[in-house]
>>> print(open('protein-v6.pdb').read())   # PDB, C-alpha atoms
ATOM      1  CA  MET C   1       0.000   0.000   0.000
ATOM      2  CA  ALA C   2       1.369   3.423  -0.955
ATOM      3  CA  ASN C   3       1.555   6.275   1.498
ATOM      4  CA  ASP C   4      -1.192   8.860   1.159
ATOM      5  CA  PRO C   5       0.104  12.318   0.207
ATOM      6  CA  VAL C   6      -0.020  15.040   2.836
ATOM      7  CA  GLU C   7      -0.561  18.655   1.854
ATOM      8  CA  ILE C   8       1.345  21.185   3.944
ATOM      9  CA  ARG C   9       0.795  24.908   3.656
ATOM     10  CA  LEU C  10       3.868  26.944   4.540
ATOM     11  CA  PRO C  11       4.785  30.610   4.308
ATOM     12  CA  LEU C  12       6.753  31.583   1.218
ATOM     13  CA  VAL C  13       9.914  32.098   3.276
ATOM     14  CA  MET C  14       9.765  28.449   4.380
ATOM     15  CA  HIS C  15       9.568  27.349   0.740
ATOM     16  CA  LYS C  16      12.714  29.392   0.087
ATOM     17  CA  TYR C  17      14.518  27.664   2.978
ATOM     18  CA  LEU C  18      13.454  24.262   1.660
ATOM     19  CA  GLU C  19      14.707  25.168  -1.830
ATOM     20  CA  GLU C  20      18.074  26.315  -0.440
ATOM     21  CA  LEU C  21      18.433  23.145   1.637
ATOM     22  CA  ALA C  22      17.537  21.017  -1.400
ATOM     23  CA  CYS C  23      20.351  22.706  -3.322
ATOM     24  CA  LEU C  24      22.778  21.751  -0.546
ATOM     25  CA  GLY C  25      21.525  18.168  -0.731
ATOM     26  CA  ALA C  26      22.230  17.238   2.905
ATOM     27  CA  PHE C  27      18.540  16.620   3.708
ATOM     28  CA  GLY C  28      17.313  15.640   0.241
ATOM     29  CA  SER C  29      17.509  16.923  -3.307
ATOM     30  CA  THR C  30      13.950  18.304  -3.574
ATOM     31  CA  LYS C  31      11.762  20.525  -1.413
ATOM     32  CA  THR C  32       9.520  17.530  -0.728
ATOM     33  CA  ALA C  33      12.435  15.347   0.366
ATOM     34  CA  VAL C  34      13.790  18.076   2.657
ATOM     35  CA  ALA C  35      10.353  18.622   4.234
ATOM     36  CA  ARG C  36       9.948  14.848   4.713
ATOM     37  CA  SER C  37      13.372  14.658   6.361
ATOM     38  CA  PHE C  38      12.564  17.442   8.818
ATOM     39  CA  ILE C  39       9.136  16.006   9.643
ATOM     40  CA  GLU C  40      10.662  12.577  10.286
ATOM     41  CA  GLN C  41      13.366  14.109  12.490
ATOM     42  CA  GLY C  42      10.728  16.050  14.428
ATOM     43  CA  VAL C  43       8.642  12.945  15.073
ATOM     44  CA  GLN C  44      11.742  10.981  16.107
ATOM     45  CA  LYS C  45      12.682  13.740  18.562
ATOM     46  CA  ALA C  46       9.147  13.820  19.978
ATOM     47  CA  LEU C  47       9.365  10.037  20.477
ATOM     48  CA  ALA C  48      12.794  10.310  22.109
ATOM     49  CA  ASP C  49      11.540  13.101  24.407
ATOM     50  CA  GLU C  50       8.475  10.944  25.192
ATOM     51  CA  LEU C  51       6.106  13.675  24.016
ATOM     52  CA  ILE C  52       4.235  11.038  22.013
ATOM     53  CA  GLU C  53       3.943   7.288  22.475
ATOM     54  CA  LYS C  54       5.643   4.864  20.140
ATOM     55  CA  ARG C  55       3.150   2.757  18.209
ATOM     56  CA  SER C  56       3.321  -0.045  15.711
ATOM     57  CA  ILE C  57       1.956   0.237  12.211
ATOM     58  CA  SER C  58      -1.100  -1.905  11.622
ATOM     59  CA  ALA C  59      -3.655  -2.411   8.891
ATOM     60  CA  GLU C  60      -5.927   0.081  10.643
ATOM     61  CA  SER C  61      -6.511   3.521   9.221
ATOM     62  CA  THR C  62      -4.026   6.195  10.317
ATOM     63  CA  ASP C  63      -6.410   9.085   9.628
ATOM     64  CA  GLY C  64      -7.058  11.560  12.416
TER      65      GLY C  64
END
>>> encode(input="protein-v6.pdb", output="structure tokens")
Amino acid sequence: MANDPVEIRLPLVMHKYLEELACLGAFGSTKTAVARSFIEQGVQKALADELIEKRSISAESTDG
């Protein structure tokens, strides 16, 4: 099963940061890849800081 796309609305300045980071390539080579990298890092930090509980992926819906 493919991942469902997620639409994120960001201020223009954030798009510029993502473009600059994509040019550097350290976090991905596209704006989407850079955004994905930062979101994943944020979730991992929240898990490490125990702000959210770790869960396993199941066949259940992940909506909401």
>>> axis_aligned_box(input="protein-v6.pdb", around="segment 25-33 of chain C", padding_each_side="5 Å", output="JSON")
{"center_x": 15.9, "center_y": 17.9, "center_z": 0.1, "size_x": 22.7, "size_y": 15.2, "size_z": 17.3}
>>> resolve_selection(input="protein-v6.pdb", expression="the PyMOL selection byres ((chain C and resi 35-46) around 10)", output="PyMOL selection string")
chain C and resi 8+14-15+18-19+21-22+26-28+30-34+47-54
>>> atom_distance(input="protein-v6.pdb", atom1="atom CA of Pro5 of chain C", atom2="atom CA of Gly25 of chain C")
22.2 Å
